[in-house]
Amino acid sequence: LRIGVLASGRGSNLQAILDQCQAGLLPAEVVVVISDKPGAYALERARAAGIAAYSVPVKDYPNKEEYEQAIVRILQQFQVQLLCLAGYLRLVGEPLLKAFPNRIMNIHPALLPSFPGLHGQRDALHYGVKISGCTVHFVDEGMDTGPIILQAAVPVLDDDTEETLAARILEQEHRLYPQAVKLFAEGRLEIQGRQVVVKTKSK
Ligand code: GRF
């Protein structure tokens with residue numbers, strides 16, 4: 001499976017996927033990493049792993065549509081089959097959704113549909129929930145609204161700060177995202193309306 005990754009920052013989820021691929025545990029290959037932020041550490045991680053890395057700043061394009069079309073062209077050039085958003089801070093629009101129908105995944109640091117948006121950990125903490133976690137989902141036109149693939153829960157502790165909670169969740173993210181990608185690579189994810197059914201492994 002040829003994977004493209006879209007990231008805006010640190011890229012630790014990208015790294016988790018890369019590590020699993022390199023260990024031979026994921027029947028997949030990250031073939032290109034794209035960032036809207038030229039300085040994103042995710043691009044450094046890609047280069048260090050010998051993977052093509054592109055920065056595509058939105059300000060270089062007259063509008064969001066053409067910006068996304070530029071990304072689509074790169075992804076198609078690399079024959080990407082699955083696009084993984086990993087800390088990508090923008091809402092995905094029509095050019096990408098049309099080019100990769102049911103082939104875009106995202107990871108969110110909360111148990112959706114609770115606490116969508118850019119501050120999942122902080123919002124969960126402020127709300128006072130006792131359990132939070134992370135969600136891997138397919139991407140649709142909404143903000144963190146697509147069909148849920150996998151979720152993992154972590155406790156929220158009384159003395160948690162945004163940082164300690166985020167770190168506890170991140171540990172689960174690094175386990176969960178490669179697992180979801182693996183299921184996709186094995187052809188085991190079936191979308192039935194809002195529900196993603198995980199099929200058992202065929203022999
Ligand atoms: C993660 O918390 C992810 O859930 C959210 O953005 C963060 C990205 O971290 N979407 P990283 O860039 O993968 O380290």
# chains A, B, ... in the order shown; residues from 1 in each chain; ligands from 1
>>> closest_atom_pairs(of="chain A", to="ligand 1", cutoff="6 Å", atoms="only C-alpha atoms and all ligand atoms", output="Markdown table")
| residue | atom | partner | partner_atom_place_in_ligand_line | distance |
| --- | --- | --- | --- | --- |
| A:Gly9 | CA | ligand 1 | 12 (O) | 4.8 |
| A:Arg10 | CA | ligand 1 | 12 (O) | 3.9 |
| A:Gly11 | CA | ligand 1 | 12 (O) | 3.5 |
| A:Ser12 | CA | ligand 1 | 14 (O) | 3.4 |
| A:Asn13 | CA | ligand 1 | 13 (O) | 3.6 |
| A:Leu14 | CA | ligand 1 | 13 (O) | 5.8 |
| A:Ala86 | CA | ligand 1 | 13 (O) | 5.0 |
| A:Gly87 | CA | ligand 1 | 8 (C) | 3.5 |
| A:Ile107 | CA | ligand 1 | 4 (O) | 4.8 |
| A:His108 | CA | ligand 1 | 4 (O) | 4.0 |
| A:Pro109 | CA | ligand 1 | 4 (O) | 4.1 |
| A:Leu170 | CA | ligand 1 | 2 (O) | 6.0 |
>>> select_by_dssp(residues="range 40-129 of chain A", states="strand (DSSP E)", output="PyMOL selection string")
chain A and resi 52-55+82-85+104-108
>>> write_last_selection(atoms="C-alpha atoms", output="short mmCIF file (atom, residue, chain, number, x, y, z; two decimals), in the first residue's frame")
data_model
loop_
_atom_site.label_atom_id
_atom_site.label_comp_id
_atom_site.auth_asym_id
_atom_site.auth_seq_id
_atom_site.Cartn_x
_atom_site.Cartn_y
_atom_site.Cartn_z
CA ALA A 52 10.28 12.52 -0.69
CA ALA A 53 9.27 15.62 1.27
CA TYR A 54 7.42 18.62 -0.15
CA SER A 55 6.31 21.86 1.39
CA LEU A 82 -4.05 6.09 1.17
CA LEU A 83 -3.59 9.62 2.51
CA CYS A 84 -2.91 9.89 6.24
CA LEU A 85 -3.41 13.22 7.95
CA ILE A 104 -8.16 9.74 3.73
CA MET A 105 -7.62 9.00 7.42
CA ASN A 106 -7.06 11.31 10.37
CA ILE A 107 -6.12 10.90 14.00
CA HIS A 108 -7.78 13.07 16.61
#
>>> residues_around(residues="range 187-198 of chain A", least_positions_apart="6", cutoff="9 Å", atoms="only C-alpha atoms", output="PDB file with N, CA and C atoms, in the first residue's frame")
ATOM      1  N   ASN A 102     -12.981   8.032   0.492  1.00  0.00           N
ATOM      2  CA  ASN A 102     -12.819   6.999   1.534  1.00  0.00           C
ATOM      3  C   ASN A 102     -11.384   6.510   1.643  1.00  0.00           C
ATOM      4  N   HIS A 137     -10.186   8.065  12.217  1.00  0.00           N
ATOM      5  CA  HIS A 137     -11.424   8.076  11.430  1.00  0.00           C
ATOM      6  C   HIS A 137     -11.149   8.402   9.979  1.00  0.00           C
ATOM      7  N   PHE A 138     -12.082   8.008   9.120  1.00  0.00           N
ATOM      8  CA  PHE A 138     -12.022   8.451   7.735  1.00  0.00           C
ATOM      9  C   PHE A 138     -12.430   9.918   7.698  1.00  0.00           C
ATOM     10  N   GLY A 146     -15.917  12.273  10.219  1.00  0.00           N
ATOM     11  CA  GLY A 146     -16.040  11.088   9.369  1.00  0.00           C
ATOM     12  C   GLY A 146     -16.177   9.788  10.149  1.00  0.00           C
ATOM     13  N   PRO A 147     -16.524   8.689   9.451  1.00  0.00           N
ATOM     14  CA  PRO A 147     -16.725   7.383  10.092  1.00  0.00           C
ATOM     15  C   PRO A 147     -15.522   6.930  10.928  1.00  0.00           C
ATOM     16  N   ILE A 148     -15.823   6.491  12.148  1.00  0.00           N
ATOM     17  CA  ILE A 148     -14.782   6.119  13.109  1.00  0.00           C
ATOM     18  C   ILE A 148     -14.246   4.721  12.829  1.00  0.00           C
ATOM     19  N   ILE A 149     -12.922   4.604  12.796  1.00  0.00           N
ATOM     20  CA  ILE A 149     -12.267   3.314  12.536  1.00  0.00           C
ATOM     21  C   ILE A 149     -11.869   2.631  13.841  1.00  0.00           C
ATOM     22  N   LEU A 150     -11.080   3.320  14.656  1.00  0.00           N
ATOM     23  CA  LEU A 150     -10.629   2.756  15.934  1.00  0.00           C
ATOM     24  C   LEU A 150     -10.590   3.859  16.990  1.00  0.00           C
ATOM     25  N   ALA A 180      -4.662   1.080  12.513  1.00  0.00           N
ATOM     26  CA  ALA A 180      -5.731   1.398  11.554  1.00  0.00           C
ATOM     27  C   ALA A 180      -5.215   1.314  10.121  1.00  0.00           C
TER      28      ALA A 180
END
>>> closest_atom_pairs(of="range 26-143 of chain A", to="range 151-169 of chain A", cutoff="6 Å", atoms="only C-alpha atoms", output="Markdown table")
| residue | atom | partner | partner_atom | distance |
| --- | --- | --- | --- | --- |
| A:Gln121 | CA | A:Ala166 | CA | 6.0 |
| A:Arg122 | CA | A:Glu162 | CA | 5.4 |
| A:Lys130 | CA | A:Val156 | CA | 4.9 |
| A:Ile131 | CA | A:Pro155 | CA | 4.5 |
| A:Ser132 | CA | A:Val154 | CA | 5.5 |
| A:Gly133 | CA | A:Ala153 | CA | 4.2 |
| A:Cys134 | CA | A:Ala152 | CA | 5.5 |
| A:Thr135 | CA | A:Gln151 | CA | 4.4 |
>>> atom_distance(atom1="CA of Leu89 in chain A", atom2="CA of Pro27 in chain A")
27.2 Å
>>> residues_around(residues="Arg103 in chain A", least_positions_apart="2", cutoff="10 Å", atoms="only C-alpha atoms", output="NGL selection string")
:A and (3 or 80-84 or 96-101 or 105 or 138-140 or 184)
>>> residues_around(residues="Ile71 in chain A", least_positions_apart="3", cutoff="8 Å", atoms="only C-alpha atoms", output="ChimeraX atom specification")
/A:34,56,67-68,74-75,96
>>> atom_distance(atom1="CA of Asp144 in chain A", atom2="CA of Gly120 in chain A")
10.5 Å
>>> residues_around(residues="Arg90 in chain A", least_positions_apart="4", cutoff="10 Å", atoms="only C-alpha atoms", output="list in words")
Ala7, Ser8, Asp36, Leu85, Leu118 and Met143 of chain A
>>> write_last_selection(atoms="C-alpha atoms", output="PDB file, in the first residue's frame")
ATOM      1  CA  ALA A   7       1.413  16.971   8.315  1.00  0.00           C
ATOM      2  CA  SER A   8       1.766  20.495   9.676  1.00  0.00           C
ATOM      3  CA  ASP A  36       1.711  23.225   4.419  1.00  0.00           C
ATOM      4  CA  LEU A  85      -3.413  13.218   7.948  1.00  0.00           C
ATOM      5  CA  LEU A 118      -7.840  21.924  17.275  1.00  0.00           C
ATOM      6  CA  MET A 143     -14.377  18.888  11.087  1.00  0.00           C
TER       7      MET A 143
END
>>> select_by_dssp(residues="range 8-174 of chain A", states="alpha helix (DSSP H)", output="ChimeraX atom specification")
/A:12-22,41-48,64-77,94-99,120-127,162-174
>>> closest_residue(among="A:Val33, A:Ile51, A:Ala40, A:Ala16", to="Glu173 in chain A", atoms="only C-alpha atoms")
A:Ala16
>>> atom_distance(atom1="CA of Glu29 in chain A", atom2="CA of Gly93 in chain A")
24.9 Å
>>> closest_residue(among="A:His174, A:Val136, A:Lys201, A:Leu1", to="Leu26 in chain A", atoms="only C-alpha atoms")
A:Leu1
>>> closest_residue(among="A:Gln79, A:Gln172, A:Gln179, A:Gln15", to="Ala46 in chain A", atoms="only C-alpha atoms")
A:Gln15
>>> decode(residues="range 3-132 of chain A", atoms="C-alpha atoms", output="CSV table (one decimal), in the first residue's frame")
chain,number,residue,atom,x,y,z
A,3,ILE,CA,0.8,5.9,1.7
A,4,GLY,CA,1.1,9.7,1.5
A,5,VAL,CA,1.2,11.7,4.7
A,6,LEU,CA,0.0,15.3,5.2
A,7,ALA,CA,1.4,17.0,8.3
A,8,SER,CA,1.8,20.5,9.7
A,9,GLY,CA,4.1,20.0,12.6
A,10,ARG,CA,6.1,17.6,14.8
A,11,GLY,CA,5.3,14.5,12.9
A,12,SER,CA,5.4,11.9,15.7
A,13,ASN,CA,2.5,10.0,14.3
A,14,LEU,CA,4.2,10.0,10.9
A,15,GLN,CA,7.2,8.6,12.8
A,16,ALA,CA,5.1,5.9,14.4
A,17,ILE,CA,3.9,4.8,11.0
A,18,LEU,CA,7.4,4.9,9.5
A,19,ASP,CA,8.8,2.8,12.3
A,20,GLN,CA,6.2,0.1,11.8
A,21,CYS,CA,6.8,0.0,8.1
A,22,GLN,CA,10.5,-0.2,8.6
A,23,ALA,CA,10.1,-3.0,11.1
A,24,GLY,CA,8.2,-4.9,8.5
A,25,LEU,CA,5.1,-4.9,10.6
A,26,LEU,CA,3.0,-2.9,8.2
A,27,PRO,CA,2.4,-4.0,4.6
A,28,ALA,CA,2.8,-0.5,3.4
A,29,GLU,CA,5.3,2.2,2.4
A,30,VAL,CA,5.2,5.9,3.0
A,31,VAL,CA,6.2,7.3,-0.4
A,32,VAL,CA,5.7,11.0,0.1
A,33,VAL,CA,5.2,13.5,3.0
A,34,ILE,CA,3.7,16.9,2.3
A,35,SER,CA,3.4,19.9,4.7
A,36,ASP,CA,1.7,23.2,4.4
A,37,LYS,CA,4.4,24.5,6.8
A,38,PRO,CA,7.9,24.7,5.3
A,39,GLY,CA,9.6,24.4,8.7
A,40,ALA,CA,7.6,21.4,9.9
A,41,TYR,CA,9.7,18.8,11.7
A,42,ALA,CA,7.7,16.1,9.9
A,43,LEU,CA,9.5,17.0,6.7
A,44,GLU,CA,12.9,16.5,8.4
A,45,ARG,CA,11.7,13.1,9.6
A,46,ALA,CA,10.7,12.2,6.0
A,47,ARG,CA,14.1,13.3,4.6
A,48,ALA,CA,15.9,11.4,7.3
A,49,ALA,CA,14.1,8.3,6.3
A,50,GLY,CA,14.9,8.9,2.6
A,51,ILE,CA,11.3,9.8,1.7
A,52,ALA,CA,10.3,12.5,-0.7
A,53,ALA,CA,9.3,15.6,1.3
A,54,TYR,CA,7.4,18.6,-0.1
A,55,SER,CA,6.3,21.9,1.4
A,56,VAL,CA,3.2,23.4,-0.2
A,57,PRO,CA,2.4,26.7,1.5
A,58,VAL,CA,-1.2,27.8,1.0
A,59,LYS,CA,0.0,31.4,0.4
A,60,ASP,CA,1.7,30.3,-2.8
A,61,TYR,CA,-1.7,29.7,-4.4
A,62,PRO,CA,-4.6,32.1,-5.3
A,63,ASN,CA,-7.1,30.0,-3.3
A,64,LYS,CA,-7.6,26.9,-1.3
A,65,GLU,CA,-8.9,25.0,-4.3
A,66,GLU,CA,-5.7,25.4,-6.3
A,67,TYR,CA,-3.6,24.8,-3.2
A,68,GLU,CA,-5.3,21.4,-2.7
A,69,GLN,CA,-5.0,20.7,-6.4
A,70,ALA,CA,-1.3,21.1,-6.2
A,71,ILE,CA,-1.2,18.6,-3.3
A,72,VAL,CA,-3.4,16.2,-5.3
A,73,ARG,CA,-1.0,16.3,-8.2
A,74,ILE,CA,2.0,15.4,-6.0
A,75,LEU,CA,0.0,12.5,-4.4
A,76,GLN,CA,-1.0,11.2,-7.8
A,77,GLN,CA,2.5,11.5,-9.1
A,78,PHE,CA,3.6,9.2,-6.3
A,79,GLN,CA,0.6,6.9,-6.9
A,80,VAL,CA,-0.6,7.3,-3.4
A,81,GLN,CA,-3.4,4.9,-2.4
A,82,LEU,CA,-4.1,6.1,1.2
A,83,LEU,CA,-3.6,9.6,2.5
A,84,CYS,CA,-2.9,9.9,6.2
A,85,LEU,CA,-3.4,13.2,7.9
A,86,ALA,CA,-1.0,13.4,10.9
A,87,GLY,CA,-1.3,16.7,12.7
A,88,TYR,CA,-2.5,18.5,9.6
A,89,LEU,CA,-4.2,21.7,10.8
A,90,ARG,CA,-6.5,22.5,7.9
A,91,LEU,CA,-9.9,21.3,7.0
A,92,VAL,CA,-9.8,19.1,3.9
A,93,GLY,CA,-11.7,20.4,0.9
A,94,GLU,CA,-13.3,19.0,-2.2
A,95,PRO,CA,-10.2,18.5,-4.5
A,96,LEU,CA,-8.6,16.1,-2.0
A,97,LEU,CA,-11.9,14.4,-1.0
A,98,LYS,CA,-12.8,13.8,-4.6
A,99,ALA,CA,-9.4,12.5,-5.5
A,100,PHE,CA,-9.3,10.1,-2.5
A,101,PRO,CA,-12.8,9.0,-1.7
A,102,ASN,CA,-12.8,7.0,1.5
A,103,ARG,CA,-9.1,7.0,1.3
A,104,ILE,CA,-8.2,9.7,3.7
A,105,MET,CA,-7.6,9.0,7.4
A,106,ASN,CA,-7.1,11.3,10.4
A,107,ILE,CA,-6.1,10.9,14.0
A,108,HIS,CA,-7.8,13.1,16.6
A,109,PRO,CA,-6.7,13.4,20.3
A,110,ALA,CA,-10.1,12.9,21.9
A,111,LEU,CA,-13.0,10.4,21.8
A,112,LEU,CA,-15.1,11.7,18.9
A,113,PRO,CA,-17.7,12.9,18.6
A,114,SER,CA,-16.6,14.7,21.8
A,115,PHE,CA,-14.2,17.5,21.5
A,116,PRO,CA,-13.6,17.9,17.8
A,117,GLY,CA,-11.3,20.8,16.6
A,118,LEU,CA,-7.8,21.9,17.3
A,119,HIS,CA,-7.8,21.5,21.1
A,120,GLY,CA,-9.2,18.1,21.8
A,121,GLN,CA,-7.1,17.5,24.9
A,122,ARG,CA,-7.6,21.0,26.5
A,123,ASP,CA,-11.4,20.9,25.8
A,124,ALA,CA,-11.7,17.5,27.4
A,125,LEU,CA,-9.8,18.7,30.5
A,126,HIS,CA,-11.8,21.8,30.8
A,127,TYR,CA,-15.0,19.9,30.5
A,128,GLY,CA,-14.0,17.6,33.3
A,129,VAL,CA,-14.4,14.2,31.7
A,130,LYS,CA,-12.8,11.3,33.5
A,131,ILE,CA,-11.9,9.4,30.3
A,132,SER,CA,-10.6,10.7,27.1
